[in-house]
file input_28.txt (compact mmCIF, C-alpha atoms)
# COMPACT_ATOMS: atom_id res chain seq x y z
CA MET F 1 -3.89 25.44 15.46
CA ASN F 2 -0.16 24.84 15.24
CA TYR F 3 1.56 22.47 12.84
CA ALA F 4 2.43 19.92 15.53
CA THR F 5 -1.24 19.62 16.46
CA PHE F 6 -2.11 18.69 12.89
CA ARG F 7 0.83 16.42 12.09
CA ARG F 8 0.52 14.05 15.03
CA PRO F 9 -3.05 12.90 14.32
CA PHE F 10 -2.43 12.95 10.54
CA ALA F 11 0.58 10.63 10.86
CA ALA F 12 -1.33 8.45 13.30
CA LEU F 13 -4.22 8.15 10.88
CA LEU F 14 -1.89 7.00 8.11
CA LEU F 15 -0.23 4.48 10.41
CA GLY F 16 -3.59 3.25 11.65
CA LEU F 17 -4.69 2.68 8.08
CA ALA F 18 -1.58 0.62 7.46
CA LEU F 19 -2.21 -1.65 10.44
CA ALA F 20 -5.97 -2.06 10.35
CA GLN F 21 -8.04 -5.26 10.72
CA PRO F 22 -10.35 -6.95 8.16
CA VAL F 23 -14.03 -7.84 7.89
CA VAL F 24 -15.72 -7.51 4.48
CA ALA F 25 -14.81 -7.23 0.82
CA ALA F 26 -15.78 -4.81 -1.94
CA THR F 27 -17.78 -5.65 -5.06
CA PRO F 28 -15.99 -4.19 -8.11
CA PRO F 29 -17.81 -2.71 -11.08
CA THR F 30 -17.87 -4.65 -14.31
CA ALA F 31 -14.65 -4.23 -16.29
CA HIS F 32 -14.75 -3.50 -20.00
CA PRO F 33 -12.12 -5.06 -22.30
CA ALA F 34 -8.78 -3.52 -21.40
CA VAL F 35 -6.35 -2.00 -23.84
CA ALA F 36 -3.41 -4.22 -24.76
CA ASP F 37 -1.03 -4.29 -21.82
CA ASN F 38 2.19 -5.94 -20.69
CA PRO F 39 1.88 -6.42 -16.91
CA ALA F 40 5.52 -7.53 -16.68
CA ALA F 41 6.54 -4.00 -17.64
CA HIS F 42 5.00 -2.55 -14.47
CA PRO F 43 5.49 -5.01 -11.59
CA SER F 44 4.92 -2.22 -9.05
CA PHE F 45 1.21 -2.00 -9.90
CA THR F 46 -1.64 -3.67 -11.73
CA VAL F 47 -4.17 -1.88 -13.94
CA ARG F 48 -7.85 -2.50 -14.65
CA VAL F 49 -9.34 -0.52 -17.55
CA VAL F 50 -13.04 0.31 -17.38
CA GLY F 51 -15.14 2.47 -19.71
CA LYS F 52 -14.58 4.44 -22.89
CA GLY F 53 -13.49 7.97 -23.70
CA ARG F 54 -10.55 10.15 -22.75
CA PRO F 55 -8.20 8.39 -20.30
CA VAL F 56 -8.26 9.02 -16.56
CA LEU F 57 -5.78 7.43 -14.13
CA LEU F 58 -7.19 6.61 -10.69
CA ILE F 59 -4.49 6.06 -8.05
CA PRO F 60 -5.42 4.83 -4.55
CA GLY F 61 -3.85 5.71 -1.23
CA LEU F 62 -1.89 3.72 1.32
CA THR F 63 -3.00 0.05 1.65
CA CYS F 64 -5.98 0.54 -0.67
CA PRO F 65 -6.53 -1.42 -3.90
CA GLY F 66 -8.18 0.05 -6.96
CA ALA F 67 -11.56 -1.01 -5.56
CA VAL F 68 -11.52 2.15 -3.45
CA TRP F 69 -12.56 3.92 -6.68
CA ASP F 70 -15.55 1.65 -7.49
CA GLU F 71 -18.16 4.39 -7.09
CA THR F 72 -15.98 6.87 -8.95
CA VAL F 73 -15.55 4.44 -11.83
CA ALA F 74 -19.29 3.78 -11.91
CA ARG F 75 -19.88 7.51 -12.29
CA TYR F 76 -17.27 8.21 -14.96
CA GLN F 77 -17.00 5.05 -17.06
CA SER F 78 -19.58 6.29 -19.58
CA ARG F 79 -17.51 9.44 -20.18
CA TYR F 80 -13.91 8.41 -19.59
CA GLN F 81 -11.66 5.40 -19.98
CA CYS F 82 -10.72 4.71 -16.35
CA HIS F 83 -7.30 3.17 -15.75
CA VAL F 84 -7.63 1.94 -12.17
CA LEU F 85 -4.33 1.20 -10.41
CA SER F 86 -3.65 -1.17 -7.53
CA LEU F 87 -0.16 -0.83 -6.07
CA ALA F 88 1.87 -3.95 -5.34
CA GLY F 89 1.55 -5.08 -1.74
CA PHE F 90 -1.61 -3.05 -1.08
CA GLY F 91 -5.04 -4.50 -0.34
CA GLY F 92 -4.23 -8.09 -1.28
CA VAL F 93 -2.08 -7.44 -4.36
CA ALA F 94 1.18 -9.41 -4.28
CA PRO F 95 4.18 -7.27 -3.20
CA ALA F 96 6.79 -6.21 -5.72
CA ALA F 97 10.12 -8.03 -5.73
CA GLY F 98 12.81 -6.20 -3.79
CA VAL F 99 10.56 -4.41 -1.30
CA PRO F 100 11.50 -3.14 1.23
CA THR F 101 15.07 -2.58 0.02
CA ALA F 102 14.05 -1.30 -3.42
CA ALA F 103 12.87 2.25 -4.10
CA PHE F 104 9.17 1.42 -4.27
CA LEU F 105 7.43 4.73 -5.01
CA PRO F 106 10.03 5.87 -7.58
CA ALA F 107 9.45 2.55 -9.35
CA VAL F 108 5.68 3.18 -9.36
CA ARG F 109 6.28 6.66 -10.78
CA ASP F 110 8.66 5.55 -13.53
CA GLN F 111 6.64 2.50 -14.53
CA LEU F 112 3.47 4.57 -14.65
CA LEU F 113 5.10 7.16 -16.90
CA ALA F 114 6.22 4.29 -19.15
CA TYR F 115 2.70 2.86 -19.09
CA ILE F 116 1.26 6.19 -20.24
CA LYS F 117 3.73 6.27 -23.14
CA THR F 118 3.31 2.62 -24.12
CA GLN F 119 -0.49 2.84 -24.04
CA LYS F 120 -0.35 6.10 -26.02
CA LEU F 121 -2.49 7.89 -23.46
CA ASP F 122 -2.83 11.55 -24.41
CA ARG F 123 -2.14 13.54 -21.25
CA PRO F 124 -4.57 11.55 -19.09
CA ALA F 125 -6.27 13.25 -16.19
CA VAL F 126 -5.22 11.91 -12.79
CA ILE F 127 -7.47 11.42 -9.77
CA GLY F 128 -5.43 10.45 -6.71
CA HIS F 129 -6.25 9.96 -3.04
CA SER F 130 -3.63 10.53 -0.33
CA LEU F 131 -0.50 8.73 -1.60
CA GLY F 132 -2.22 8.65 -4.99
CA GLY F 133 -2.56 12.43 -5.01
CA PHE F 134 1.11 12.74 -4.14
CA MET F 135 1.93 10.38 -7.02
CA GLY F 136 -0.07 12.54 -9.41
CA LEU F 137 2.03 15.53 -8.42
CA TRP F 138 5.23 13.48 -8.79
CA LEU F 139 4.29 12.40 -12.30
CA SER F 140 3.73 16.06 -13.18
CA THR F 141 6.98 17.35 -11.73
CA THR F 142 8.97 14.54 -13.35
CA GLN F 143 7.45 14.83 -16.84
CA PRO F 144 5.24 17.93 -16.98
CA ASP F 145 3.80 17.04 -20.39
CA ALA F 146 2.94 13.44 -19.56
CA VAL F 147 -0.35 13.95 -17.74
CA GLY F 148 -3.32 16.26 -17.81
CA PRO F 149 -5.42 17.89 -15.06
CA LEU F 150 -4.96 16.67 -11.48
CA VAL F 151 -7.65 15.98 -8.89
CA ILE F 152 -5.93 15.52 -5.52
CA LEU F 153 -7.91 14.18 -2.57
CA ASP F 154 -6.50 15.00 0.87
CA SER F 155 -2.79 14.92 0.09
CA LEU F 156 0.22 17.21 0.42
CA PRO F 157 3.48 17.56 -1.53
CA PHE F 158 5.51 16.88 1.66
CA MET F 159 3.67 15.05 4.42
CA ALA F 160 6.47 15.29 6.96
CA ALA F 161 6.57 19.10 6.91
CA VAL F 162 3.12 19.65 8.38
CA GLN F 163 4.66 20.03 11.83
CA ASN F 164 7.55 22.19 10.67
CA PRO F 165 7.40 23.88 7.24
CA ALA F 166 11.19 24.34 7.32
CA LEU F 167 11.80 20.59 7.63
CA THR F 168 13.95 19.00 4.93
CA ALA F 169 13.64 15.49 3.54
CA GLU F 170 17.00 14.57 5.09
CA ALA F 171 15.96 15.82 8.50
CA ALA F 172 12.73 13.80 8.23
CA ARG F 173 14.55 10.50 7.78
CA PRO F 174 14.82 9.53 11.49
CA MET F 175 11.07 10.02 11.99
CA ALA F 176 10.34 8.14 8.76
CA GLU F 177 12.65 5.29 9.73
CA SER F 178 10.88 5.03 13.09
CA MET F 179 7.54 4.77 11.29
CA ARG F 180 8.93 2.09 8.98
CA LYS F 181 10.15 0.04 11.95
CA GLN F 182 6.83 0.45 13.72
CA MET F 183 5.03 -0.83 10.65
CA SER F 184 7.32 -3.88 10.51
CA ALA F 185 6.84 -4.68 14.20
CA GLY F 186 3.34 -6.07 13.72
CA LYS F 187 -0.29 -5.16 14.15
CA MET F 188 -1.73 -2.85 16.78
CA PRO F 189 -4.27 -4.20 19.28
CA LEU F 190 -7.65 -4.58 17.60
CA ALA F 191 -9.35 -1.82 19.60
CA GLN F 192 -6.63 0.67 18.74
CA GLN F 193 -6.70 -0.30 15.08
CA ARG F 194 -10.43 0.25 14.84
CA GLN F 195 -10.10 3.58 16.59
CA MET F 196 -7.51 4.69 14.03
CA VAL F 197 -9.67 3.66 11.09
CA ALA F 198 -12.60 5.55 12.60
CA GLY F 199 -10.51 8.69 12.23
CA LEU F 200 -10.20 8.09 8.49
CA VAL F 201 -13.80 7.51 7.49
CA THR F 202 -17.16 8.13 9.19
CA ASP F 203 -19.40 5.29 7.97
CA THR F 204 -18.92 2.11 10.00
CA ALA F 205 -19.30 -0.19 6.99
CA ARG F 206 -16.60 1.78 5.19
CA GLN F 207 -14.42 1.56 8.29
CA THR F 208 -14.72 -2.21 8.10
CA LEU F 209 -13.81 -2.21 4.41
CA VAL F 210 -10.78 0.04 4.84
CA ALA F 211 -9.65 -2.07 7.80
CA ARG F 212 -9.84 -5.24 5.74
CA TRP F 213 -7.61 -3.73 3.05
CA GLY F 214 -5.08 -2.82 5.71
CA GLN F 215 -4.94 -6.39 6.95
CA ALA F 216 -4.56 -7.70 3.40
CA SER F 217 -1.55 -5.44 2.72
CA ALA F 218 2.08 -6.52 3.03
CA PRO F 219 3.66 -4.70 6.02
CA ALA F 220 7.07 -4.35 4.33
CA SER F 221 5.50 -2.74 1.24
CA VAL F 222 3.41 -0.36 3.31
CA GLY F 223 6.32 0.53 5.57
CA GLN F 224 8.56 1.27 2.61
CA ALA F 225 5.89 3.39 0.94
CA MET F 226 5.37 5.36 4.16
CA TYR F 227 9.11 5.90 4.52
CA GLU F 228 9.47 7.20 0.97
CA LEU F 229 6.34 9.35 1.25
CA TYR F 230 7.74 11.05 4.34
CA THR F 231 11.22 11.60 2.85
CA THR F 232 10.21 12.99 -0.54
CA ASP F 233 9.61 16.74 -0.74
CA LEU F 234 7.95 18.01 -3.92
CA ARG F 235 7.27 21.58 -2.76
CA ALA F 236 10.21 23.22 -4.52
CA GLU F 237 9.44 21.35 -7.76
CA LEU F 238 5.78 22.35 -8.05
CA GLY F 239 6.61 25.26 -10.33
CA ALA F 240 7.29 22.75 -13.12
CA VAL F 241 3.68 21.54 -13.10
CA ARG F 242 1.87 22.86 -16.18
CA GLN F 243 -1.60 21.44 -15.72
CA PRO F 244 -4.41 22.76 -13.53
CA ALA F 245 -4.99 21.02 -10.23
CA LEU F 246 -8.00 20.71 -7.95
CA VAL F 247 -7.02 20.01 -4.33
CA LEU F 248 -9.80 18.70 -2.09
CA GLY F 249 -8.93 18.72 1.60
CA SER F 250 -10.42 17.40 4.84
CA TRP F 251 -10.22 18.84 8.33
CA ALA F 252 -13.08 17.39 10.40
CA ALA F 253 -11.01 14.51 11.82
CA TYR F 254 -8.59 17.04 13.35
CA GLN F 255 -11.25 19.20 15.01
CA PRO F 256 -10.76 17.46 18.40
CA TYR F 257 -7.10 18.59 18.22
CA GLY F 258 -8.04 22.24 17.71
CA ALA F 259 -8.26 22.38 13.92
CA THR F 260 -10.63 24.64 12.05
CA MET F 261 -11.38 24.68 8.36
CA ALA F 262 -9.49 27.96 8.01
CA SER F 263 -6.40 26.76 9.88
CA THR F 264 -6.25 23.52 7.91
CA ARG F 265 -6.77 25.34 4.62
CA ALA F 266 -3.79 27.54 5.54
CA ILE F 267 -1.59 24.45 5.84
CA PHE F 268 -2.69 23.26 2.42
CA ALA F 269 -2.18 26.74 0.95
CA ALA F 270 1.37 26.95 2.31
CA GLN F 271 2.35 23.56 0.90
CA TYR F 272 0.81 24.23 -2.52
CA ALA F 273 2.01 27.83 -2.78
CA LYS F 274 4.36 27.15 -5.72
CA LEU F 275 1.83 25.17 -7.76
CA PRO F 276 0.97 27.55 -10.64
CA GLN F 277 -2.63 26.60 -11.46
CA HIS F 278 -4.50 25.21 -8.48
CA ARG F 279 -7.62 25.64 -6.43
CA ILE F 280 -8.06 24.36 -2.89
CA GLU F 281 -11.49 23.41 -1.58
CA MET F 282 -12.22 22.05 1.89
CA SER F 283 -14.96 19.57 2.71
CA GLU F 284 -17.33 20.65 5.46
CA ALA F 285 -17.47 17.31 7.29
CA GLY F 286 -15.57 14.67 5.32
CA ARG F 287 -12.66 12.80 6.82
CA HIS F 288 -9.63 11.43 4.97
CA PHE F 289 -11.67 9.21 2.62
CA LEU F 290 -13.51 12.11 1.05
CA MET F 291 -14.88 9.97 -1.78
CA TYR F 292 -16.78 8.02 0.89
CA ASP F 293 -17.61 10.66 3.50
CA ASP F 294 -18.59 13.51 1.17
CA ALA F 295 -19.20 11.78 -2.15
CA ALA F 296 -21.78 14.22 -3.55
CA TRP F 297 -19.47 17.18 -2.85
CA VAL F 298 -16.41 15.42 -4.31
CA PHE F 299 -18.32 14.47 -7.46
CA ALA F 300 -19.71 17.98 -7.88
CA GLN F 301 -16.25 19.50 -7.54
CA THR F 302 -14.63 16.92 -9.83
CA ASP F 303 -17.39 17.07 -12.46
CA ALA F 304 -17.07 20.83 -12.81
CA PHE F 305 -13.27 20.74 -12.82
CA LEU F 306 -13.03 18.02 -15.48
CA GLN F 307 -15.69 19.65 -17.62
CA ALA F 308 -13.77 22.92 -17.56
CA ASN F 309 -10.32 21.42 -18.06
CA TYR F 310 -10.79 17.97 -19.60
CA ALA F 311 -14.13 17.77 -21.34
CA ALA F 312 -15.13 14.27 -22.47
CA ARG F 313 -14.96 13.88 -26.24
CA LYS F 314 -18.30 13.31 -27.97

call {"tool": "encode", "arguments": {"input": "input_28.txt", "output": "C-alpha cells"}}
result
Amino acid sequence: MNYATFRRPFAALLLGLALAQPVVAATPPTAHPAVADNPAAHPSFTVRVVGKGRPVLLIPGLTCPGAVWDETVARYQSRYQCHVLSLAGFGGVAPAAGVPTAAFLPAVRDQLLAYIKTQKLDRPAVIGHSLGGFMGLWLSTTQPDAVGPLVILDSLPFMAAVQNPALTAEAARPMAESMRKQMSAGKMPLAQQRQMVAGLVTDTARQTLVARWGQASAPASVGQAMYELYTTDLRAELGAVRQPALVLGSWAAYQPYGATMASTRAIFAAQYAKLPQHRIEMSEAGRHFLMYDDAAWVFAQTDAFLQANYAARK
C-alpha cells in the first residue's frame, strides 16, 4: 500500500467525524470530588477528576468530549486519579474565545502544562486518542519532565505526512487550509456523514454516539484544530521525549483501500522512528475508536504497560 492510499481515507475519516450527525447521549460515570481547580486558568479545556491514586490525564480526539473515556475511567478509577479533559468547542463544550483566529492547540498544550504544575501532578501518565495522542506527544516534546508514560491510540506525530514522508509543515498548509474551509462550509449530506462515521467505529450504537458529538461541536473550533493538527510536525522533536510510550494502531478501516496490518505498521514505525522508548502494537480488527472496537485488547495492552511503567501506589 502506498502513502496516498492511506492518507486519503484517513483524512476523510477525520473530516467525517467533524461533520457528523447526532442521535443519542452518553451516560458519564460518577465523579469523585475534584482537586481544587481554577477553570479560568484553562479556558481551552474543562477537566473532570474521577478516582484516587496516581494521576492519569485522558485526552479525547477531534469533536469528542471527555465522555469518550467513560469505560476507561470506570476501569481505572479505583487505581488512578483520572483527569478527564474536554476541549473547548468539542462535543457540546462552549468554544474558546478567539477561535478560529487564535492558536487553539498550542493554547491547550500550554494551559495543560500549567494545569499539571498548578495541581502538583507528579509526571502524570497520559492516555490520548487521535488528537489526544498527538497532544500527549506535544506535552512531552515541550517539557520532557512534565508527564509520565504515554498511551497513544491511533495517532501520528505528523498527520499530513502519511501521503508523503518528506512533506513539511509549511508545504502542508494549502491542504490544511482547504480542510479548514471545508469544515466551515457546513455539514455534509446525512447519508455521507453516516458513511464517514461508519469508517471510524464498527458498532452502530457507537456510530450514533460519535455522530452526535460531531453535531454538538463548533465548526470553527474543529476546523482550527484540524488545521493546526495538519501543520504541526513533531517527528524531528521526538528524540526529546524521555518517557516510554505505547502506540496502539488501527488498520482495518483502510483494508478496502489495499492496506494490510504490516503496511500500516510500517507507516507508524516510520513516523515514530525517532521516539526513543516506544512499542507499536496493531489491533486485529479495531477501527479508529480502538477503545470501543477492541476494548479488551486495548485494556490488556494498557494494563500491562502501566503496570510495568507506572504502577499504582498501594

call {"tool": "closest_atom_pairs", "arguments": {"input": "input_28.txt", "of": "range 148-194 of chain F", "to": "range 239-260 of chain F", "cutoff": "7 Å", "atoms": "only C-alpha atoms", "output": "JSON lines"}}
result
{"residue": "F:Gly148", "atom": "CA", "partner": "F:Gln243", "partner_atom": "CA", "distance": 5.8}
{"residue": "F:Pro149", "atom": "CA", "partner": "F:Pro244", "partner_atom": "CA", "distance": 5.2}
{"residue": "F:Leu150", "atom": "CA", "partner": "F:Ala245", "partner_atom": "CA", "distance": 4.5}
{"residue": "F:Val151", "atom": "CA", "partner": "F:Leu246", "partner_atom": "CA", "distance": 4.8}
{"residue": "F:Ile152", "atom": "CA", "partner": "F:Val247", "partner_atom": "CA", "distance": 4.8}
{"residue": "F:Leu153", "atom": "CA", "partner": "F:Leu248", "partner_atom": "CA", "distance": 4.9}
{"residue": "F:Asp154", "atom": "CA", "partner": "F:Gly249", "partner_atom": "CA", "distance": 4.5}

call {"tool": "residues_around", "arguments": {"input": "input_28.txt", "residues": "Phe134 in chain F", "least_positions_apart": "5", "cutoff": "7 Å", "atoms": "all atoms listed in the file", "output": "mmCIF file with C-alpha atoms, in the coordinates of the input"}}
result
data_model
loop_
_atom_site.group_PDB
_atom_site.id
_atom_site.type_symbol
_atom_site.label_atom_id
_atom_site.label_comp_id
_atom_site.auth_asym_id
_atom_site.auth_seq_id
_atom_site.Cartn_x
_atom_site.Cartn_y
_atom_site.Cartn_z
ATOM 1 C CA SER F 155 -2.790 14.920 0.090
ATOM 2 C CA LEU F 156 0.220 17.210 0.420
ATOM 3 C CA PRO F 157 3.480 17.560 -1.530
#

call {"tool": "residues_around", "arguments": {"input": "input_28.txt", "residues": "range 226-232 of chain F", "least_positions_apart": "2", "cutoff": "9 Å", "atoms": "all atoms listed in the file", "output": "PyMOL selection string"}}
result
chain F and resi 14-15+62+103-106+131+134+157-161+168-173+175-180+183+221-224+234

call {"tool": "atom_distance", "arguments": {"input": "input_28.txt", "atom1": "CA of Glu237 in chain F", "atom2": "CA of His278 in chain F"}}
result
14.5 Å

call {"tool": "closest_residue", "arguments": {"input": "input_28.txt", "among": "F:Met196, F:Leu113, F:Ile267, F:Val99", "to": "Val162 in chain F", "atoms": "all atoms listed in the file"}}
result
F:Ile267

call {"tool": "residues_around", "arguments": {"input": "input_28.txt", "residues": "range 67-70 of chain F", "least_positions_apart": "2", "cutoff": "10 Å", "atoms": "all atoms listed in the file", "output": "VMD selection string"}}
result
chain F and resid 25 to 30 48 58 to 61 64 to 65 72 to 75 82 84 to 86 91 127 to 129 209 to 210 213 289 291 to 292

call {"tool": "write_last_selection", "arguments": {"input": "input_28.txt", "atoms": "C-alpha atoms", "output": "mmCIF file, in the frame of the given file"}}
result
data_model
loop_
_atom_site.group_PDB
_atom_site.id
_atom_site.type_symbol
_atom_site.label_atom_id
_atom_site.label_comp_id
_atom_site.auth_asym_id
_atom_site.auth_seq_id
_atom_site.Cartn_x
_atom_site.Cartn_y
_atom_site.Cartn_z
ATOM 1 C CA ALA F 25 -14.810 -7.230 0.820
ATOM 2 C CA ALA F 26 -15.780 -4.810 -1.940
ATOM 3 C CA THR F 27 -17.780 -5.650 -5.060
ATOM 4 C CA PRO F 28 -15.990 -4.190 -8.110
ATOM 5 C CA PRO F 29 -17.810 -2.710 -11.080
ATOM 6 C CA THR F 30 -17.870 -4.650 -14.310
ATOM 7 C CA ARG F 48 -7.850 -2.500 -14.650
ATOM 8 C CA LEU F 58 -7.190 6.610 -10.690
ATOM 9 C CA ILE F 59 -4.490 6.060 -8.050
ATOM 10 C CA PRO F 60 -5.420 4.830 -4.550
ATOM 11 C CA GLY F 61 -3.850 5.710 -1.230
ATOM 12 C CA CYS F 64 -5.980 0.540 -0.670
ATOM 13 C CA PRO F 65 -6.530 -1.420 -3.900
ATOM 14 C CA THR F 72 -15.980 6.870 -8.950
ATOM 15 C CA VAL F 73 -15.550 4.440 -11.830
ATOM 16 C CA ALA F 74 -19.290 3.780 -11.910
ATOM 17 C CA ARG F 75 -19.880 7.510 -12.290
ATOM 18 C CA CYS F 82 -10.720 4.710 -16.350
ATOM 19 C CA VAL F 84 -7.630 1.940 -12.170
ATOM 20 C CA LEU F 85 -4.330 1.200 -10.410
ATOM 21 C CA SER F 86 -3.650 -1.170 -7.530
ATOM 22 C CA GLY F 91 -5.040 -4.500 -0.340
ATOM 23 C CA ILE F 127 -7.470 11.420 -9.770
ATOM 24 C CA GLY F 128 -5.430 10.450 -6.710
ATOM 25 C CA HIS F 129 -6.250 9.960 -3.040
ATOM 26 C CA LEU F 209 -13.810 -2.210 4.410
ATOM 27 C CA VAL F 210 -10.780 0.040 4.840
ATOM 28 C CA TRP F 213 -7.610 -3.730 3.050
ATOM 29 C CA PHE F 289 -11.670 9.210 2.620
ATOM 30 C CA MET F 291 -14.880 9.970 -1.780
ATOM 31 C CA TYR F 292 -16.780 8.020 0.890
#

call {"tool": "atom_distance", "arguments": {"input": "input_28.txt", "atom1": "CA of Ala166 in chain F", "atom2": "CA of Gln271 in chain F"}}
result
11.0 Å

call {"tool": "residues_around", "arguments": {"input": "input_28.txt", "residues": "Gly53 in chain F", "least_positions_apart": "2", "cutoff": "8 Å", "atoms": "all atoms listed in the file", "output": "PyMOL selection string"}}
result
chain F and resi 51+55+78-81+312-313

call {"tool": "atom_distance", "arguments": {"input": "input_28.txt", "atom1": "CA of Gly133 in chain F", "atom2": "CA of Ala36 in chain F"}}
result
25.8 Å

call {"tool": "residues_around", "arguments": {"input": "input_28.txt", "residues": "range 117-124 of chain F", "least_positions_apart": "2", "cutoff": "7 Å", "atoms": "all atoms listed in the file", "output": "list in words"}}
result
Pro55, Val56, Leu57, Leu113, Ala114, Tyr115, Val126, Asp145, Ala146, Val147 and Gly148 of chain F

call {"tool": "closest_residue", "arguments": {"input": "input_28.txt", "among": "F:Ala296, F:Ala41, F:Ala94, F:Ala88", "to": "Leu112 in chain F", "atoms": "only C-alpha atoms"}}
result
F:Ala41

call {"tool": "axis_aligned_box", "arguments": {"input": "input_28.txt", "around": "range 301-314 of chain F", "padding_each_side": "3 Å", "output": "AutoDock Vina command-line options"}}
result
--center_x -14.3 --center_y 18.1 --center_z -17.8 --size_x 14.0 --size_y 15.6 --size_z 26.4

call {"tool": "closest_residue", "arguments": {"input": "input_28.txt", "among": "F:Thr142, F:Thr101, F:Thr208, F:Gln111", "to": "Thr46 in chain F", "atoms": "all atoms listed in the file"}}
result
F:Gln111

call {"tool": "decode", "arguments": {"input": "input_28.txt", "residues": "range 36-75 of chain F", "atoms": "C-alpha atoms", "output": "PDB file, in the first residue's frame"}}
result
ATOM      1  CA  ALA F  36      -9.049  22.371  43.757  1.00  0.00           C
ATOM      2  CA  ASP F  37      -9.063  23.946  40.320  1.00  0.00           C
ATOM      3  CA  ASN F  38      -9.292  27.342  38.659  1.00  0.00           C
ATOM      4  CA  PRO F  39     -11.194  26.802  35.381  1.00  0.00           C
ATOM      5  CA  ALA F  40     -10.473  30.377  34.287  1.00  0.00           C
ATOM      6  CA  ALA F  41      -6.803  29.444  34.032  1.00  0.00           C
ATOM      7  CA  HIS F  42      -7.500  26.920  31.258  1.00  0.00           C
ATOM      8  CA  PRO F  43     -10.305  28.248  29.025  1.00  0.00           C
ATOM      9  CA  SER F  44      -9.252  25.892  26.217  1.00  0.00           C
ATOM     10  CA  PHE F  45     -10.496  22.831  28.113  1.00  0.00           C
ATOM     11  CA  THR F  46     -12.513  21.655  31.083  1.00  0.00           C
ATOM     12  CA  VAL F  47     -11.448  18.900  33.499  1.00  0.00           C
ATOM     13  CA  ARG F  48     -13.412  16.310  35.453  1.00  0.00           C
ATOM     14  CA  VAL F  49     -11.462  14.413  38.128  1.00  0.00           C
ATOM     15  CA  VAL F  50     -12.580  10.880  38.943  1.00  0.00           C
ATOM     16  CA  GLY F  51     -10.978   8.302  41.246  1.00  0.00           C
ATOM     17  CA  LYS F  52      -7.977   8.156  43.534  1.00  0.00           C
ATOM     18  CA  GLY F  53      -4.322   7.247  43.117  1.00  0.00           C
ATOM     19  CA  ARG F  54      -1.543   8.350  40.809  1.00  0.00           C
ATOM     20  CA  PRO F  55      -2.751  10.897  38.230  1.00  0.00           C
ATOM     21  CA  VAL F  56      -3.632   9.968  34.655  1.00  0.00           C
ATOM     22  CA  LEU F  57      -4.633  12.523  32.013  1.00  0.00           C
ATOM     23  CA  LEU F  58      -7.208  11.312  29.481  1.00  0.00           C
ATOM     24  CA  ILE F  59      -7.345  13.459  26.330  1.00  0.00           C
ATOM     25  CA  PRO F  60     -10.039  12.857  23.681  1.00  0.00           C
ATOM     26  CA  GLY F  61      -9.801  13.196  19.935  1.00  0.00           C
ATOM     27  CA  LEU F  62     -11.420  15.531  17.437  1.00  0.00           C
ATOM     28  CA  THR F  63     -15.013  16.568  18.335  1.00  0.00           C
ATOM     29  CA  CYS F  64     -15.174  14.169  21.291  1.00  0.00           C
ATOM     30  CA  PRO F  65     -15.827  15.253  24.889  1.00  0.00           C
ATOM     31  CA  GLY F  66     -14.310  13.534  27.889  1.00  0.00           C
ATOM     32  CA  ALA F  67     -17.256  11.112  27.907  1.00  0.00           C
ATOM     33  CA  VAL F  68     -15.453   9.123  25.216  1.00  0.00           C
ATOM     34  CA  TRP F  69     -13.340   7.765  28.104  1.00  0.00           C
ATOM     35  CA  ASP F  70     -16.273   6.650  30.315  1.00  0.00           C
ATOM     36  CA  GLU F  71     -15.438   2.940  30.131  1.00  0.00           C
ATOM     37  CA  THR F  72     -11.737   3.659  30.581  1.00  0.00           C
ATOM     38  CA  VAL F  73     -12.449   5.760  33.666  1.00  0.00           C
ATOM     39  CA  ALA F  74     -14.697   3.041  35.070  1.00  0.00           C
ATOM     40  CA  ARG F  75     -11.835   0.569  34.734  1.00  0.00           C
TER      41      ARG F  75
END
